[in-house]
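Undergrad: My questions will all concern the structure given below.
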Amino acid sequence: MTLLGELIGDQSLFVWIPIGVVGFLLTWKGANVVESTTSKISDHFGVSQAIQGGLIVAAATSFPELAIIVISVLVLGEFGVGAGALIGTAVFNILVIPAAVAVTSGDTTTTQGIVYRDAIFYMVAVLALFGVIALGVLGTDGRELARITPQMGVGLLVLYGVYVILLVGGKSGASARKKAESTNVPKQVGLFAAGLAVVLVGVESMIGMTLEASEALGAPPFLMSVTVLSVMSSFPDLLVGVKMGKAGDKRAAVANVFGTNTFNLVAALPIGVILAGGVSIGFLTSVPLMLFLFYTTLVVVVMAATDFEITTEEGYAFLAMYAAFLGWMTTEALGITTLLTESTLRTIVG
């Protein structure tokens, strides 16, 4: 049970829904403050646009997902809630955000750096996580569970460190932008800390609503996290991407997508693994989801590499793919399809 759940006691879903909505609004507002302050501080020190979009803003807008992982591990003692949210967020980000930018701002031009560095490295991150889960099976007695150790989590963090080095040491990182006008850095740092606190409160509320909905509907918490919780936590990322696109920073918006997903999979998720002292995850559940994530990423990368742009038509195709993903998750919940069986879903434990 979440801290908020212990505070208000047993309540019906009709009580938790407005609480979750308030939590969503708090998360949205807090994430906006975090993104705004990090951008202003980065501008103050003349950080390049590519590093802002792919690293700094990506990490800042990923704080809701990091908060979900930390709360699910330290408060709930259940890694599955956070893992489900991160996988669902990865699918949402890679399909919906580039689509929204292309649809709202027109054809989106990419660059060789975005495709051959950010996008390809993100695919490496997906494969690395898949490999860690596969290796985790060796530490169990059967094929249904995979044991991910803290050492494996550290290995994924090292991979993220390599990404940071590539991003900062690349050509885009070498050509720093001219320093902006003087910014009150202590004030921005204070606002940044306040934004993080607001996000924590909002995430706590959203997790509470997700767990209550899971119990009321008889659906596994992992499945609810992949859909409901991931969409709610990813909405600030969507707004940031659309905002960047309308401001003319379409390339930064796309770079932010790959940077955010890379941070989530090889930084936020392993932090949860390390904090939990190792976790077990349903191998038969993760396989189809990770494969779906890999192939959707492959489609986006190919589209982005074609003439180095994502067209409006391709954006609509991405949205259709995400609608298919939600439909798949719905049929799994209703028992119409069994690629993710209920017994397998329930093997995700903390």
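In the structure tokens, chains take letters A, B, ... by order of appearance, with residues numbered from 1 within each chain and ligands from 1 in the order shown.
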Within 6 Å of A:Ala90, counting only C-alpha atoms, which residues show up once you throw out same-chain ones fewer than 3 positions away? Write them as a PyMOL selection string, please.
TA: chain A and resi 87+93+261
Undergrad: Write out as a list in words each polymer residue whose atoms come within 7 Å of stretch 291-306 of chain A, counting only C-alpha atoms; drop sequence neighbours fewer than 4 positions from it.
TA: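 The residues satisfying every condition are Val91, Ile94, Thr110, Val115, Ala119, Met123, Val126, Val287 and Ile310 of chain A.
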Undergrad: Show me, as a PyMOL selection string, the residues that have an atom within 9 Å of A:Gly277 when counting only C-alpha atoms, minus same-chain residues fewer than 5 positions from it.
TA: chain A and resi 149-150+272
Undergrad: Taking the DSSP secondary structure from the backbone, can you list the residues of stretch 62-227 of chain A that are alpha helix (DSSP H), as a PyMOL selection string?
TA: chain A and resi 63-71+79-105+112-113+120-136+150-169+171-174+185-217+221-224
Undergrad: With distances taken over only C-alpha atoms, which residue among A:Val168, A:Leu229, A:Val242, A:Met290 lies nearest A:Ile207?
TA: A:Leu229
Undergrad: Rank A:Ser62, A:Thr337, A:Ser39, A:Gln11 by their smallest atom-to-atom distance to A:Ala267, using only C-alpha atoms, and report the top residue only.
TA: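 Among A:Ser62, A:Thr337, A:Ser39, A:Gln11, it is A:Ser62 that comes nearest to A:Ala267.
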Undergrad: Between A:Ile56, A:Val73, A:Leu86, A:Met232, single out the one closest to A:Val164, counting only C-alpha atoms.
TA: A:Ile56
Undergrad: Expressed in Å to a single decimal, how great is the separation between atom CA of A:Leu191 and atom CA of A:Ser205?
TA: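 Atom-to-atom, atom CA of A:Leu191 and atom CA of A:Ser205 are spaced 21.3 Å apart.
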Undergrad: Of the candidates A:Ser230, A:Asn256, A:Thr312, A:Thr330, which one gets nearest to A:Ala100 if we count only C-alpha atoms?
TA: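 Of the candidates, the smallest distance to A:Ala100 is held by A:Thr312.
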Undergrad: Between A:Leu334, A:Leu7, A:Trp28, A:Val254, which has the minimum distance to A:Leu217 (counting only C-alpha atoms)?
TA: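 Ranked by minimum distance to A:Leu217, first place goes to A:Leu334.
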Undergrad: Tell me, as a PDB file with all heavy atoms, in the first residue's frame, which residues lie within 8 Å of A:Phe63, counting only C-alpha atoms; anything in the same chain fewer than 5 positions away does not count.
TA:
```
ATOM      1  N   ALA A  31       6.489  18.487 -13.378  1.00  0.00           N
ATOM      2  CA  ALA A  31       7.397  18.159 -14.478  1.00  0.00           C
ATOM      3  C   ALA A  31       7.663  19.378 -15.352  1.00  0.00           C
ATOM      4  O   ALA A  31       8.783  19.560 -15.849  1.00  0.00           O
ATOM      5  CB  ALA A  31       6.809  17.019 -15.316  1.00  0.00           C
ATOM      6  N   LEU A 196      10.435  18.798  -8.126  1.00  0.00           N
ATOM      7  CA  LEU A 196      10.644  17.380  -7.829  1.00  0.00           C
ATOM      8  C   LEU A 196       9.723  16.903  -6.711  1.00  0.00           C
ATOM      9  O   LEU A 196       9.159  15.804  -6.779  1.00  0.00           O
ATOM     10  CB  LEU A 196      12.106  17.129  -7.446  1.00  0.00           C
ATOM     11  CG  LEU A 196      13.167  17.378  -8.512  1.00  0.00           C
ATOM     12  CD1 LEU A 196      14.537  16.964  -7.988  1.00  0.00           C
ATOM     13  CD2 LEU A 196      12.854  16.628  -9.794  1.00  0.00           C
ATOM     14  N   VAL A 199       6.229  16.477  -8.027  1.00  0.00           N
ATOM     15  CA  VAL A 199       6.139  15.273  -8.847  1.00  0.00           C
ATOM     16  C   VAL A 199       6.017  14.033  -7.960  1.00  0.00           C
ATOM     17  O   VAL A 199       5.223  13.126  -8.243  1.00  0.00           O
ATOM     18  CB  VAL A 199       7.364  15.147  -9.771  1.00  0.00           C
ATOM     19  CG1 VAL A 199       7.415  13.767 -10.417  1.00  0.00           C
ATOM     20  CG2 VAL A 199       7.315  16.213 -10.849  1.00  0.00           C
TER      21      VAL A 199
END
```
Undergrad: Just the residues within 10 Å of A:Val228, please, counting only C-alpha atoms, with nothing from its chain fewer than 5 positions along; format it as a ChimeraX atom specification.
TA: /A:85,88-89,206-207,209-210,213,223,233,326
Undergrad: Print the selection's residues with C-alpha atoms to a file, as a CSV table (one decimal), in the first residue's frame.
TA:
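Below you can see result.csv, which holds the result:
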```csv
chain,number,residue,atom,x,y,z
A,85,ALA,CA,5.3,1.7,-16.2
A,88,GLY,CA,4.6,1.2,-21.3
A,89,THR,CA,6.3,4.6,-21.2
A,206,MET,CA,-1.3,8.0,-9.4
A,207,ILE,CA,0.2,4.8,-8.2
A,209,MET,CA,-5.2,5.0,-8.1
A,210,THR,CA,-3.6,2.4,-10.4
A,213,ALA,CA,-8.2,0.2,-10.2
A,223,LEU,CA,-0.8,-4.6,-16.8
A,233,SER,CA,3.4,9.7,-16.4
A,326,LEU,CA,-3.5,-0.6,-26.3
```
Undergrad: Could you tell me how far atom CA of A:Leu156 sits from atom CA of A:Ser36, in Å to one decimal place?
TA: 28.4 Å
Undergrad: Pull the strand (DSSP E) assignments for stretch 109-253 of chain A out of DSSP run on the backbone, and list those residues as a list in words.
TA: Thr109, Leu145, Ala146, Arg147 and Ile148 of chain A
